[in-house]
Every structure is written in C-alpha cells, then in structure tokens.
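Undergrad: Next comes entry_25.tsv, TSV, C-alpha atoms and all ligand atoms:
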chain	number	residue	atom	x	y	z
A	1361	MET	CA	65.61	65.49	115.32
A	1362	SER	CA	65.15	69.27	115.26
A	1363	ALA	CA	67.97	71.52	114.07
A	1364	GLN	CA	70.63	72.68	116.51
A	1365	THR	CA	70.44	76.30	117.67
A	1366	VAL	CA	73.54	78.49	117.70
A	1367	PHE	CA	73.78	81.74	119.69
A	1368	ILE	CA	76.18	84.31	118.21
A	1369	SER	CA	77.20	87.52	119.95
A	1370	GLY	CA	77.93	90.60	117.84
A	1371	ALA	CA	75.70	89.09	115.13
A	1372	ASN	CA	75.70	92.27	113.02
A	1373	GLY	CA	79.51	92.38	112.71
A	1374	TYR	CA	81.43	91.83	109.47
A	1375	ILE	CA	82.62	88.31	110.33
A	1376	ALA	CA	79.46	87.39	112.23
A	1377	GLN	CA	77.07	88.26	109.39
A	1378	HIS	CA	78.85	85.82	107.08
A	1379	THR	CA	78.81	83.24	109.87
A	1380	VAL	CA	75.06	83.68	110.37
A	1381	VAL	CA	74.44	83.36	106.61
A	1382	GLN	CA	76.47	80.14	106.46
A	1383	LEU	CA	74.83	78.72	109.60
A	1384	LEU	CA	71.34	79.32	108.20
A	1385	LYS	CA	72.36	77.75	104.87
A	1386	LYS	CA	73.49	74.67	106.76
A	1387	GLY	CA	70.10	74.37	108.47
A	1388	TYR	CA	70.94	75.70	111.93
A	1389	ASN	CA	68.63	77.97	113.88
A	1390	VAL	CA	70.45	81.15	114.91
A	1391	VAL	CA	69.90	83.56	117.79
A	1392	GLY	CA	72.02	86.67	117.34
A	1393	GLN	CA	72.96	89.19	120.04
A	1394	VAL	CA	73.07	92.81	119.00
A	1395	ARG	CA	73.32	96.09	120.93
A	1396	SER	CA	70.02	97.59	119.73
A	1397	ALA	CA	66.70	96.53	118.23
A	1398	ALA	CA	67.45	98.74	115.21
A	1399	LYS	CA	70.59	96.67	114.49
A	1400	GLY	CA	68.68	93.41	115.02
A	1401	ASP	CA	65.83	94.52	112.73
A	1402	ALA	CA	68.28	95.61	110.02
A	1403	LEU	CA	70.03	92.23	110.09
A	1404	ALA	CA	66.74	90.31	110.13
A	1405	LYS	CA	65.62	92.35	107.10
A	1406	ASP	CA	68.76	91.41	105.18
A	1407	LEU	CA	68.60	87.75	106.21
A	1408	LYS	CA	64.86	87.23	105.54
A	1409	ASN	CA	64.96	83.88	107.32
A	1410	SER	CA	62.51	82.66	109.96
A	1411	HIS	CA	65.26	80.56	111.56
A	1412	PHE	CA	66.99	83.76	112.71
A	1413	SER	CA	65.94	85.77	115.73
A	1414	TYR	CA	67.81	88.26	117.85
A	1415	GLU	CA	68.23	89.39	121.44
A	1416	VAL	CA	69.39	92.83	122.55
A	1417	VAL	CA	72.21	92.91	125.10
A	1418	GLU	CA	73.45	96.46	125.28
A	1419	VAL	CA	76.46	96.27	127.59
A	1420	LEU	CA	78.68	93.18	127.49
A	1421	GLU	CA	80.80	94.21	130.45
A	1422	GLN	CA	77.84	94.26	132.84
A	1423	GLU	CA	77.86	91.24	135.18
A	1424	GLY	CA	75.14	88.75	134.13
A	1425	ALA	CA	74.75	90.49	130.76
A	1426	PHE	CA	73.72	87.30	128.94
A	1427	ASP	CA	71.64	85.65	131.71
A	1428	GLU	CA	68.28	86.82	130.39
A	1429	ALA	CA	68.98	86.14	126.70
A	1430	LEU	CA	70.25	82.64	127.39
A	1431	THR	CA	67.44	81.82	129.84
A	1432	LYS	CA	64.97	82.67	127.07
A	1433	HIS	CA	66.68	80.19	124.74
A	1434	PRO	CA	67.13	76.82	126.42
A	1435	GLU	CA	67.36	75.29	122.92
A	1436	VAL	CA	70.83	76.82	122.33
A	1437	THR	CA	73.65	74.23	122.37
A	1438	VAL	CA	76.49	76.23	120.76
A	1439	PHE	CA	77.73	79.75	121.58
A	1440	LEU	CA	79.94	81.78	119.23
A	1441	HIS	CA	81.34	84.85	120.98
A	1442	THR	CA	82.46	87.29	118.30
A	1443	ALA	CA	81.45	90.63	119.88
A	1444	SER	CA	84.42	92.75	120.86
A	1445	PRO	CA	85.60	96.27	120.06
A	1446	ALA	CA	87.39	95.79	116.71
A	1447	THR	CA	89.04	99.18	116.59
A	1448	PHE	CA	92.44	100.87	116.47
A	1449	SER	CA	91.04	104.05	118.02
A	1450	ALA	CA	89.97	104.52	121.61
A	1451	GLU	CA	89.62	107.48	123.93
A	1452	ASP	CA	90.35	105.34	126.97
A	1453	ASN	CA	92.12	102.04	126.25
A	1454	GLU	CA	90.91	100.17	129.29
A	1455	ARG	CA	87.35	101.48	129.44
A	1456	ASP	CA	86.57	101.40	125.70
A	1457	VAL	CA	88.43	98.34	124.47
A	1458	ILE	CA	90.07	96.11	127.07
A	1459	ILE	CA	87.25	95.87	129.63
A	1460	PRO	CA	84.45	95.20	127.10
A	1461	ALA	CA	86.61	92.49	125.49
A	1462	VAL	CA	87.85	90.80	128.65
A	1463	ASN	CA	84.81	91.20	130.91
A	1464	GLY	CA	82.48	90.59	127.98
A	1465	THR	CA	84.15	87.21	127.45
A	1466	LYS	CA	84.07	86.37	131.16
A	1467	ASN	CA	80.37	87.34	131.37
A	1468	VAL	CA	79.46	85.14	128.42
A	1469	LEU	CA	81.18	82.15	129.99
A	1470	LYS	CA	79.76	82.79	133.48
A	1471	SER	CA	76.21	83.11	132.10
A	1472	ILE	CA	76.58	79.89	130.12
A	1473	LYS	CA	77.77	78.02	133.21
A	1474	LYS	CA	75.02	79.52	135.38
A	1475	VAL	CA	71.92	79.48	133.19
A	1476	ALA	CA	72.75	77.42	130.08
A	1477	PRO	CA	74.56	74.24	131.11
A	1478	GLN	CA	73.09	72.53	128.02
A	1479	ILE	CA	75.59	74.47	125.87
A	1480	LYS	CA	78.30	72.02	124.88
A	1481	LYS	CA	80.56	74.07	122.59
A	1482	VAL	CA	81.81	77.63	122.95
A	1483	ILE	CA	83.88	79.33	120.26
A	1484	VAL	CA	85.57	82.62	121.18
A	1485	THR	CA	86.83	84.86	118.38
A	1486	SER	CA	90.33	85.85	119.37
A	1487	SER	CA	92.90	87.24	116.94
A	1488	ALA	CA	96.37	86.59	115.54
A	1489	VAL	CA	97.42	89.55	117.70
A	1490	ALA	CA	96.81	87.29	120.71
A	1491	ALA	CA	99.51	85.01	119.23
A	1492	GLY	CA	102.11	87.63	118.37
A	1493	ASP	CA	102.80	91.35	118.47
A	1494	ILE	CA	101.47	93.09	115.37
A	1495	ASN	CA	105.04	94.09	114.38
A	1496	GLU	CA	106.24	90.51	114.85
A	1497	LEU	CA	103.38	89.33	112.65
A	1498	GLU	CA	104.47	91.78	109.95
A	1499	ASP	CA	107.96	90.30	109.98
A	1500	PRO	CA	108.27	87.54	107.35
A	1501	LYS	CA	110.78	85.78	109.61
A	1502	PHE	CA	108.43	85.59	112.63
A	1503	VAL	CA	108.03	82.07	113.99
A	1504	GLY	CA	104.79	81.49	115.85
A	1505	GLY	CA	101.04	81.18	115.68
A	1506	GLU	CA	98.76	78.71	117.45
A	1507	ASP	CA	101.46	77.88	120.00
A	1508	THR	CA	102.58	81.43	120.93
A	1509	TRP	CA	101.28	84.47	122.79
A	1510	ASN	CA	101.73	88.19	122.24
A	1511	PRO	CA	104.27	89.33	124.86
A	1512	ILE	CA	102.29	92.52	125.66
A	1513	THR	CA	101.56	93.09	129.37
A	1514	TYR	CA	98.24	94.34	130.71
A	1515	GLU	CA	99.89	97.59	131.74
A	1516	GLU	CA	101.39	98.13	128.28
A	1517	ALA	CA	97.95	97.59	126.75
A	1518	VAL	CA	96.36	100.12	129.11
A	1519	LYS	CA	99.08	102.75	128.72
A	1520	GLY	CA	100.05	102.23	125.08
A	1521	ASP	CA	98.49	103.46	121.85
A	1522	PRO	CA	95.07	102.20	120.66
A	1523	VAL	CA	96.74	99.40	118.68
A	1524	ALA	CA	98.31	98.19	121.94
A	1525	ALA	CA	94.86	98.40	123.53
A	1526	TYR	CA	93.39	96.18	120.81
A	1527	GLN	CA	96.24	93.68	121.05
A	1528	GLY	CA	95.88	93.49	124.83
A	1529	SER	CA	92.10	93.21	124.59
A	1530	LYS	CA	92.37	90.13	122.39
A	1531	LYS	CA	95.20	88.48	124.32
A	1532	PHE	CA	93.67	88.97	127.77
A	1533	ALA	CA	90.15	88.06	126.62
A	1534	GLU	CA	91.41	84.81	125.12
A	1535	LEU	CA	93.49	84.04	128.21
A	1536	ALA	CA	90.46	84.75	130.40
A	1537	ALA	CA	88.49	82.18	128.42
A	1538	TRP	CA	91.15	79.46	128.81
A	1539	ASP	CA	91.55	80.32	132.52
A	1540	PHE	CA	87.78	80.10	133.03
A	1541	VAL	CA	87.65	76.60	131.56
A	1542	LYS	CA	90.59	75.46	133.66
A	1543	ALA	CA	89.23	76.89	136.91
A	1544	GLU	CA	85.48	76.33	136.50
A	1545	LYS	CA	85.37	73.05	134.59
A	1546	PRO	CA	82.11	73.94	132.80
A	1547	ASN	CA	80.00	71.56	130.68
A	1548	PHE	CA	81.24	73.08	127.43
A	1549	LYS	CA	84.37	72.57	125.38
A	1550	LEU	CA	86.20	75.75	124.32
A	1551	THR	CA	87.85	76.52	120.98
A	1552	THR	CA	89.33	79.88	120.04
A	1553	VAL	CA	89.56	81.21	116.48
A	1554	LEU	CA	92.47	83.55	115.69
A	1555	PRO	CA	91.95	85.41	112.42
A	1556	VAL	CA	94.71	87.47	110.81
A	1557	TYR	CA	93.67	90.59	108.82
A	1558	VAL	CA	90.23	89.72	107.46
A	1559	PHE	CA	89.31	90.95	103.98
A	1560	GLY	CA	86.56	90.14	101.48
A	1561	PRO	CA	83.06	91.31	100.57
A	1562	GLN	CA	80.27	92.24	102.96
A	1563	ALA	CA	77.59	89.59	103.50
A	1564	PHE	CA	75.02	92.23	102.45
A	1565	VAL	CA	75.45	95.43	100.48
A	1566	SER	CA	73.95	97.30	103.46
A	1567	GLY	CA	77.33	96.60	105.12
A	1568	LEU	CA	79.03	98.92	102.64
A	1569	LYS	CA	77.53	101.94	104.41
A	1570	SER	CA	79.98	101.57	107.26
A	1571	LEU	CA	82.90	99.24	106.75
A	1572	ASN	CA	84.67	97.67	109.72
A	1573	LEU	CA	88.35	98.39	110.32
A	1574	THR	CA	89.91	95.79	108.04
A	1575	ALA	CA	87.38	95.97	105.20
A	1576	GLN	CA	88.13	99.71	105.18
A	1577	VAL	CA	91.88	99.01	104.85
A	1578	VAL	CA	91.24	97.43	101.43
A	1579	ALA	CA	88.62	100.01	100.42
A	1580	ASN	CA	91.16	102.78	101.08
A	1581	ILE	CA	93.06	101.61	98.00
A	1582	LEU	CA	90.32	103.22	95.91
A	1583	ASP	CA	91.21	106.64	97.33
A	1584	LEU	CA	94.82	106.45	96.14
A	1585	LYS	CA	95.80	108.83	93.34
A	1586	ARG	CA	98.14	108.10	90.44
A	1587	ASP	CA	101.04	109.99	92.06
A	1588	ASP	CA	100.61	108.60	95.56
A	1589	ALA	CA	103.11	106.15	96.98
A	1590	VAL	CA	101.78	102.64	97.52
A	1591	PRO	CA	101.51	102.24	101.31
A	1592	ALA	CA	104.15	99.93	102.74
A	1593	MET	CA	101.85	97.87	104.98
A	1594	GLU	CA	102.05	94.08	104.83
A	1595	ASN	CA	100.88	91.20	106.99
A	1596	SER	CA	98.81	88.00	106.73
A	1597	PHE	CA	95.20	87.88	105.54
A	1598	ALA	CA	92.24	85.55	105.41
A	1599	ASP	CA	88.96	85.81	103.53
A	1600	VAL	CA	85.95	86.64	105.69
A	1601	ARG	CA	84.04	83.68	104.20
A	1602	ASP	CA	86.78	81.30	105.35
A	1603	ILE	CA	86.78	82.86	108.81
A	1604	ALA	CA	83.02	82.29	109.02
A	1605	LEU	CA	83.49	78.70	107.89
A	1606	GLY	CA	86.25	78.32	110.49
A	1607	HIS	CA	83.88	79.32	113.30
A	1608	ILE	CA	81.43	76.64	112.18
A	1609	ALA	CA	84.09	73.95	111.68
A	1610	ALA	CA	85.34	74.81	115.18
A	1611	PHE	CA	82.17	73.48	116.81
A	1612	GLU	CA	81.14	70.87	114.23
A	1613	ASN	CA	84.47	69.10	114.50
A	1614	ASP	CA	85.09	67.48	117.89
A	1615	THR	CA	88.85	67.44	117.35
A	1616	ALA	CA	88.84	71.26	117.64
A	1617	ALA	CA	87.92	71.15	121.34
A	1618	GLY	CA	90.59	72.73	123.54
A	1619	LYS	CA	92.47	74.16	120.55
A	1620	ARG	CA	93.43	77.55	119.19
A	1621	LEU	CA	92.73	77.81	115.44
A	1622	LEU	CA	94.78	80.45	113.65
A	1623	ILE	CA	93.24	81.04	110.25
A	1624	THR	CA	95.41	82.55	107.53
A	1625	SER	CA	95.30	82.13	103.79
A	1626	GLY	CA	98.72	83.74	103.29
A	1627	ARG	CA	100.52	87.06	103.09
A	1628	PHE	CA	99.49	90.33	101.51
A	1629	ASN	CA	101.10	93.67	100.94
A	1630	PHE	CA	99.60	96.80	99.47
A	1631	GLN	CA	101.65	96.51	96.30
A	1632	ARG	CA	100.10	93.11	95.52
A	1633	ILE	CA	96.64	94.45	96.31
A	1634	VAL	CA	97.15	97.42	94.01
A	1635	ASP	CA	98.49	95.08	91.30
A	1636	ILE	CA	95.42	92.85	91.59
A	1637	VAL	CA	93.02	95.81	91.46
A	1638	ARG	CA	94.78	97.36	88.44
A	1639	GLU	CA	94.82	94.01	86.57
A	1640	SER	CA	91.24	93.09	87.40
A	1641	PHE	CA	89.50	96.46	86.98
A	1642	PRO	CA	90.94	98.07	83.82
A	1643	LYS	CA	89.02	101.30	84.49
A	1644	LEU	CA	91.13	101.80	87.60
A	1645	ALA	CA	94.45	100.88	86.00
A	1646	ASP	CA	95.31	104.49	85.12
A	1647	LYS	CA	93.86	106.03	88.26
A	1648	LEU	CA	95.85	104.10	90.84
A	1649	PRO	CA	99.58	104.33	91.50
A	1650	VAL	CA	101.70	101.71	89.75
A	1651	GLY	CA	104.39	101.42	92.42
A	1652	THR	CA	106.75	98.55	91.75
A	1653	PRO	CA	104.57	95.66	90.60
A	1654	ALA	CA	105.38	92.47	92.43
A	1655	SER	CA	105.31	88.85	91.38
A	1656	LYS	CA	102.51	86.86	92.98
A	1657	ASN	CA	105.15	84.48	94.34
A	1658	ILE	CA	106.99	87.11	96.36
A	1659	PHE	CA	105.77	85.61	99.64
A	1660	ASP	CA	106.91	82.05	98.91
A	1661	HIS	CA	110.13	82.40	100.90
A	1662	TYR	CA	108.36	83.91	103.95
A	1663	ASN	CA	107.90	81.90	107.12
A	1664	LYS	CA	104.40	80.52	107.46
A	1665	LEU	CA	102.51	81.13	110.70
A	1666	ASN	CA	101.82	77.97	112.68
A	1667	ASP	CA	98.22	77.30	111.67
A	1668	SER	CA	98.26	73.52	111.62
A	1669	ASN	CA	95.30	73.02	114.01
A	1670	ALA	CA	93.12	75.24	111.86
A	1671	ARG	CA	94.23	73.68	108.57
A	1672	GLU	CA	93.26	70.27	109.96
A	1673	VAL	CA	89.93	71.35	111.45
A	1674	VAL	CA	88.77	73.65	108.66
A	1675	GLY	CA	90.09	71.24	106.06
A	1676	ILE	CA	89.68	73.37	102.94
A	1677	GLU	CA	91.89	75.23	100.52
A	1678	TYR	CA	91.55	78.84	101.70
A	1679	ILE	CA	90.44	81.56	99.29
A	1680	PRO	CA	93.50	83.20	97.67
A	1681	LEU	CA	94.28	86.94	97.81
A	1682	GLU	CA	93.28	87.49	94.17
A	1683	LYS	CA	89.68	86.31	94.67
A	1684	THR	CA	89.33	88.03	98.05
A	1685	ILE	CA	90.40	91.39	96.63
A	1686	VAL	CA	88.42	91.10	93.38
A	1687	ASP	CA	85.24	90.24	95.32
A	1688	HIS	CA	85.88	92.92	97.93
A	1689	ILE	CA	86.62	95.77	95.50
A	1690	GLY	CA	84.12	94.49	92.94
A	1691	GLN	CA	81.27	94.71	95.46
A	1692	ILE	CA	82.20	98.30	96.30
A	1693	LEU	CA	82.44	99.34	92.64
A	1694	GLU	CA	79.14	97.68	91.70
A	1695	ASN	CA	77.31	99.51	94.44
A	1696	ARG	CA	78.80	102.95	93.97
A	1697	ASN	CA	76.30	105.62	92.90
A	1701	LIG	P1	82.97	94.46	113.43
A	1701	LIG	O1	82.27	94.39	112.15
A	1701	LIG	O2	83.36	95.79	113.96
A	1701	LIG	O3	82.10	93.69	114.51
A	1701	LIG	C1	82.31	93.82	115.87
A	1701	LIG	C2	81.08	93.34	116.62
A	1701	LIG	O4	81.32	93.48	118.03
A	1701	LIG	C3	79.83	94.19	116.31
A	1701	LIG	O5	78.69	93.40	116.42
A	1701	LIG	C4	79.88	95.23	117.42
A	1701	LIG	O6	78.61	95.76	117.75
A	1701	LIG	C5	80.37	94.40	118.58
A	1701	LIG	N1	81.03	95.28	119.56
A	1701	LIG	C6	82.06	96.12	119.35
A	1701	LIG	N2	82.36	96.78	120.48
A	1701	LIG	C7	81.49	96.35	121.42
A	1701	LIG	C8	81.28	96.68	122.78
A	1701	LIG	N3	82.02	97.58	123.42
A	1701	LIG	N4	80.28	96.05	123.42
A	1701	LIG	C9	79.51	95.16	122.77
A	1701	LIG	N5	79.65	94.80	121.48
A	1701	LIG	C10	80.64	95.40	120.82
A	1701	LIG	O7	84.33	93.64	113.39
A	1701	LIG	P2	84.72	92.16	112.95
A	1701	LIG	O8	85.94	92.30	112.16
A	1701	LIG	O9	83.58	91.42	112.39
A	1701	LIG	O10	85.14	91.56	114.36
A	1701	LIG	C11	84.51	90.44	114.94
A	1701	LIG	C12	85.49	89.75	115.85
A	1701	LIG	O11	86.60	89.28	115.09
A	1701	LIG	C13	86.07	90.63	116.95
A	1701	LIG	O12	86.19	89.85	118.12
A	1701	LIG	C14	87.45	90.99	116.41
A	1701	LIG	O13	88.36	91.30	117.42
A	1701	LIG	C15	87.80	89.69	115.70
A	1701	LIG	N6	88.86	89.81	114.70
A	1701	LIG	C16	88.65	90.54	113.57
A	1701	LIG	C17	89.67	90.62	112.63
A	1701	LIG	C18	89.52	91.40	111.36
A	1701	LIG	O14	90.50	91.50	110.63
A	1701	LIG	N7	88.36	91.92	111.03
A	1701	LIG	C19	90.89	89.96	112.84
A	1701	LIG	C20	91.05	89.23	114.00
A	1701	LIG	C21	90.03	89.15	114.92
A	1701	LIG	P3	78.12	97.19	117.16
A	1701	LIG	O15	77.86	96.97	115.71
A	1701	LIG	O16	76.91	97.49	117.94
A	1701	LIG	O17	79.26	98.15	117.40
Take the structure in the file and give it back as structure tokens.
Ligand code: NAP
TA:
Amino acid sequence: MSAQTVFISGANGYIAQHTVVQLLKKGYNVVGQVRSAAKGDALAKDLKNSHFSYEVVEVLEQEGAFDEALTKHPEVTVFLHTASPATFSAEDNERDVIIPAVNGTKNVLKSIKKVAPQIKKVIVTSSAVAAGDINELEDPKFVGGEDTWNPITYEEAVKGDPVAAYQGSKKFAELAAWDFVKAEKPNFKLTTVLPVYVFGPQAFVSGLKSLNLTAQVVANILDLKRDDAVPAMENSFADVRDIALGHIAAFENDTAAGKRLLITSGRFNFQRIVDIVRESFPKLADKLPVGTPASKNIFDHYNKLNDSNAREVVGIEYIPLEKTIVDHIGQILENRN
C-alpha cells in the first residue's frame, strides 16, 4: 500500500514546519500550502525530501481558495489546517485577523466537501484562547480547558485590542469548524488542537531570521539587562515538538474524532525561564537579571487545565520547561554571529 498523503496549510509556520518534518520521518507524503513560491521553495530547500511538495494559495479568505490545490491532489486523505494570523498586532481586527481565520477555515472545509470527499480526517489548529480568555488562562485558579469556551463576543473581538482580535479569531474559527460539521455532515471527521503558548527551537535554523510571536517571547529574555526587572508574565506552555506530534496523533488515533485536544505541558513564568537560562548558560548568568529565583515546583499547587482528551490521544510525557527553554535559547546562541 502506498503512503498516505497529508495536506497542511500554512506549511512554513513555526508549528507546521515541525509537523511536516515529523510527518516525513513517519513516511507520509506531504503537500504544504504556502502564500508564495518563494516560501515554498525555501521550505523545500530546508526539507530536502522528495515526499514534500507545495501549492501556493495566496488568500485564504477568498471563496474556493483551496479548490484548485485539492483538485490537483486526489491522493490527499488528511488535511491539517494550521494557517491563521498568529499575531497580537493588527491594523484592522476584522480584516487582518478575524476574517482570514474564520473564512479561511470555512473555505478549507467547503473545498474539502466539494472537491476532495476522499479526505477522511481534518485537524484544525485552534488555541487555548478559544477555551478561555487569556487573562483567565493566566490565573492559576482558572478551571477549564477542553470543555470550555472563551466568553468573548464577535463584537468585542472586532472592537477590542489586537489580543482580543486574536482570541476572537481562534474562537470563531473553531466554532465555524464544529458548526460546519454539524450542518453539512461531510465525509471527514474533525478534531481541533488547542495549543497554549508554544515554545521550543525552530525546525530549521533559517527560522531564526524571523521568529513567530511566541518563539520571540522567549528570545526576548536575551535582551534583558542585569538591572531590568524580570517581566511578570505567566501562563501555560507546550513544546513545539509536542504540538506537532499532537497534530499527527489527532488523525492517526480514531478516538480523537470529534474532540478538542488542549495540549499543555505545564505552567511557565518569566522568572523560571530566566532561572533556567542563567543555570544552563553560565555565560549569561551575570548578564541577565536575577529577580527572585523560584523553585521549579512553584506551579504544583496551580489548577491544571482540562487536557484529558489530549493526554489520552497524544499519550506521551510532554517535554518539560527546562528542556524546551534550553533547546530554544541554545539554538539561538549557537547560531548568533
Ligand atoms: P506562524 O509561524 O506565524 O505561522 C502562521 C502560518 O499561518 C504561516 O504559514 C502564515 O503564512 C500563515 N498565515 C498567517 N496569516 C495568514 C493569512 N492572513 N492568510 C493566510 N495564511 C496566513 O505561527 P504558529 O505559531 O506556527 O501558528 C500556527 C497555528 O497555531 C495558528 O493557527 C495559530 O493560531 C496556532 N497557535 C499558535 C500558538 C503559539 O503559541 N505559537 C498557540 C496556539 C495556537 P506566512 O508565513 O505567509 O505569513
């Protein structure tokens, strides 16, 4: 039997690149969607694998956007939809973030139903911010996860700040996917993957040239000076390699069908990240602020997000914060001029 072919949108993204690498390692053929031939060529150059090819779809929110790409690839049986504006800055919330996310998701699903009925599994990358407001998720007492929804309204997402736009884009895109399945009864089973803050190294060092939003959050630590305060931010994190694995487990494992999989390794705060960097990279120990070093067990008494579907489907011990940060920062340091 020939290998299964997986189509992945946003193939050049931070999470998607790791997913493509893992898919190819497992023997799948991969067709990646990118927004330009230059991005497709750059990824193909890094991958160096004849089982990868790409299709250019420039504008996700255009009706029928994926018809041509999917018609060209009748061998595709799995679709991973990761492409979405992953940004906390937008000039126009609705135009730049919400519409590409929501209509992009609807267009993917409509195209699959119309021209690719052989596709049996669709995985949509949602976000923990679809499950809870970002401030709720910061709160160690928050109860929720795979069984909850961010209370944000569409109007609040349109009129709020860019973070509200992002939260709304993920919530309403995920809801649109579940509504589509309910109303249209397509041939495929849907699973959504809800990552928390995703950290960890780039799949390829070329990715270091322009880090995505969350990889940049960790990299920013390196710009802190000895006398700076350690930023107060905290939340939940997962390693990008586990998120990639989660996308694959989501279609390989039939029990994931119809489920939301919230993937989180645990909590982080900037103090712990600074502690890890100072302990692991002695050259930086005197350059970075000390703050108030924290025990690694400080999060033990925090509520855990409800991630039981994902824990069952993914079925591995997730990568801990220490390894994620050492690999993330280590890759940056090794490749600095
Ligand atoms: P990323 O590196 O910025 O990748 C985003 C991908 O989506 C890129 O391929 C990008 O294409 C594409 N994209 C962005 N805006 C688009 C638009 N308007 N039209 C078409 N394509 C667009 O970010 P990532 O972290 O890997 O994000 C991948 C997915 O994971 C997203 O759905 C994001 O919401 C979700 N997620 C990420 C995190 C996290 O912490 N990183 C957490 C939860 C959920 P270009 O390269 O051409 O811009």
Undergrad: What does the distance from atom CA of A:Asp1599 to atom CA of A:Asp1401 come to in Å, to one decimal?
TA: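 Taking atom CA of A:Asp1599 and atom CA of A:Asp1401, their separation equals 26.4 Å.
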Undergrad: Which residues sit within 6 Å of ligand LIG 1701 (chain A), counting all atoms listed in the file, listed as a PyMOL selection string?
TA: chain A and resi 1370-1376+1395+1419-1420+1442-1446+1460+1485-1487+1555-1558+1572+1574
Undergrad: Write out, as a PDB file, in the frame of the given file, the residues just selected, with C-alpha atoms.
TA:
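Writing the result to selection-v5.pdb gives the following:
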ATOM      1  CA  GLY A1370      77.930  90.600 117.840  1.00  0.00           C
ATOM      2  CA  ALA A1371      75.700  89.090 115.130  1.00  0.00           C
ATOM      3  CA  ASN A1372      75.700  92.270 113.020  1.00  0.00           C
ATOM      4  CA  GLY A1373      79.510  92.380 112.710  1.00  0.00           C
ATOM      5  CA  TYR A1374      81.430  91.830 109.470  1.00  0.00           C
ATOM      6  CA  ILE A1375      82.620  88.310 110.330  1.00  0.00           C
ATOM      7  CA  ALA A1376      79.460  87.390 112.230  1.00  0.00           C
ATOM      8  CA  ARG A1395      73.320  96.090 120.930  1.00  0.00           C
ATOM      9  CA  VAL A1419      76.460  96.270 127.590  1.00  0.00           C
ATOM     10  CA  LEU A1420      78.680  93.180 127.490  1.00  0.00           C
ATOM     11  CA  THR A1442      82.460  87.290 118.300  1.00  0.00           C
ATOM     12  CA  ALA A1443      81.450  90.630 119.880  1.00  0.00           C
ATOM     13  CA  SER A1444      84.420  92.750 120.860  1.00  0.00           C
ATOM     14  CA  PRO A1445      85.600  96.270 120.060  1.00  0.00           C
ATOM     15  CA  ALA A1446      87.390  95.790 116.710  1.00  0.00           C
ATOM     16  CA  PRO A1460      84.450  95.200 127.100  1.00  0.00           C
ATOM     17  CA  THR A1485      86.830  84.860 118.380  1.00  0.00           C
ATOM     18  CA  SER A1486      90.330  85.850 119.370  1.00  0.00           C
ATOM     19  CA  SER A1487      92.900  87.240 116.940  1.00  0.00           C
ATOM     20  CA  PRO A1555      91.950  85.410 112.420  1.00  0.00           C
ATOM     21  CA  VAL A1556      94.710  87.470 110.810  1.00  0.00           C
ATOM     22  CA  TYR A1557      93.670  90.590 108.820  1.00  0.00           C
ATOM     23  CA  VAL A1558      90.230  89.720 107.460  1.00  0.00           C
ATOM     24  CA  ASN A1572      84.670  97.670 109.720  1.00  0.00           C
ATOM     25  CA  THR A1574      89.910  95.790 108.040  1.00  0.00           C
TER      26      THR A1574
END
Undergrad: At most 7 Å is the cut-off: for each residue in stretch 1554-1622 of chain A with any atom that close to an atom of stretch 1504-1523 of chain A, write down the nearest atom pair and the distance in Å rounded to one decimal, counting all atoms listed in the file, chain first then increasing number, as a Markdown table.
TA:
| residue | atom | partner | partner_atom | distance |
| --- | --- | --- | --- | --- |
| A:Arg1620 | CA | A:Glu1506 | CA | 5.7 |
| A:Leu1621 | CA | A:Glu1506 | CA | 6.4 |
| A:Leu1622 | CA | A:Glu1506 | CA | 5.8 |
Undergrad: Neighbouring residues of A:Ser1410 were defined as those with any atom within 10 Å, considering only C-alpha atoms; residues of the same chain fewer than 4 positions away were excluded. Please report them as a PyMOL selection string.
TA: chain A and resi 1384+1389-1390+1404
Undergrad: So how many Å separate atom CA of A:His1688 and atom CA of A:Ala1575, to one decimal?
TA: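 We find that atom CA of A:His1688 and atom CA of A:Ala1575 lie 8.0 Å from each other.
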Undergrad: For the atom pair atom CA of A:Phe1502 and atom CA of A:Glu1677, what is the interatomic distance in Å to one decimal place?
TA: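 Computing it gives 23.0 Å between the two atoms.
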Undergrad: Got a sec: who's within 8 Å of A:Ser1396, counting only C-alpha atoms, leaving out chain neighbours fewer than 5 positions off, as a list in words?
TA: Val1416, Val1417 and Glu1418 of chain A
Undergrad: Set out as JSON lines a contact list for stretch 1434-1526 of chain A and stretch 1578-1594 of chain A with a cut-off of 12 Å, giving each residue of stretch 1434-1526 of chain A that qualifies its closest atom pair and distance in Å to one decimal, counting only C-alpha atoms, ordered by chain and rising residue number.
TA:
{"residue": "A:Ile1494", "atom": "CA", "partner": "A:Glu1594", "partner_atom": "CA", "distance": 10.6}
{"residue": "A:Asn1495", "atom": "CA", "partner": "A:Glu1594", "partner_atom": "CA", "distance": 10.0}
{"residue": "A:Glu1496", "atom": "CA", "partner": "A:Glu1594", "partner_atom": "CA", "distance": 11.4}
{"residue": "A:Leu1497", "atom": "CA", "partner": "A:Glu1594", "partner_atom": "CA", "distance": 9.2}
{"residue": "A:Glu1498", "atom": "CA", "partner": "A:Glu1594", "partner_atom": "CA", "distance": 6.1}
{"residue": "A:Asp1499", "atom": "CA", "partner": "A:Glu1594", "partner_atom": "CA", "distance": 8.7}
{"residue": "A:Pro1500", "atom": "CA", "partner": "A:Glu1594", "partner_atom": "CA", "distance": 9.4}
Undergrad: For the residues selected in the previous step, produce a file with C-alpha atoms as an mmCIF file, in the coordinates of the input.
TA:
data_model
loop_
_atom_site.group_PDB
_atom_site.id
_atom_site.type_symbol
_atom_site.label_atom_id
_atom_site.label_comp_id
_atom_site.auth_asym_id
_atom_site.auth_seq_id
_atom_site.Cartn_x
_atom_site.Cartn_y
_atom_site.Cartn_z
ATOM 1 C CA ILE A 1494 101.470 93.090 115.370
ATOM 2 C CA ASN A 1495 105.040 94.090 114.380
ATOM 3 C CA GLU A 1496 106.240 90.510 114.850
ATOM 4 C CA LEU A 1497 103.380 89.330 112.650
ATOM 5 C CA GLU A 1498 104.470 91.780 109.950
ATOM 6 C CA ASP A 1499 107.960 90.300 109.980
ATOM 7 C CA PRO A 1500 108.270 87.540 107.350
#
Undergrad: Counting all atoms listed in the file, figure out which residue out of A:Ala1536, A:Thr1624, A:Gly1690, A:Val1577 gets nearest to A:Phe1641.
TA: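 Selected residue with least distance to A:Phe1641: A:Gly1690.
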Undergrad: Kindly indicate which residue among A:Lys1643, A:Lys1619, A:Lys1481, A:Lys1501 lies nearest to A:Ser1668, using only C-alpha atoms for the distances.
TA: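 Of A:Lys1643, A:Lys1619, A:Lys1481, A:Lys1501, the one nearest A:Ser1668, counting only C-alpha atoms, is A:Lys1619.
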Undergrad: From the list A:Thr1365, A:Ser1655, A:Thr1447, A:Gln1576, which residue is nearest A:Gln1562 when using all atoms listed in the file?
TA: A:Gln1576
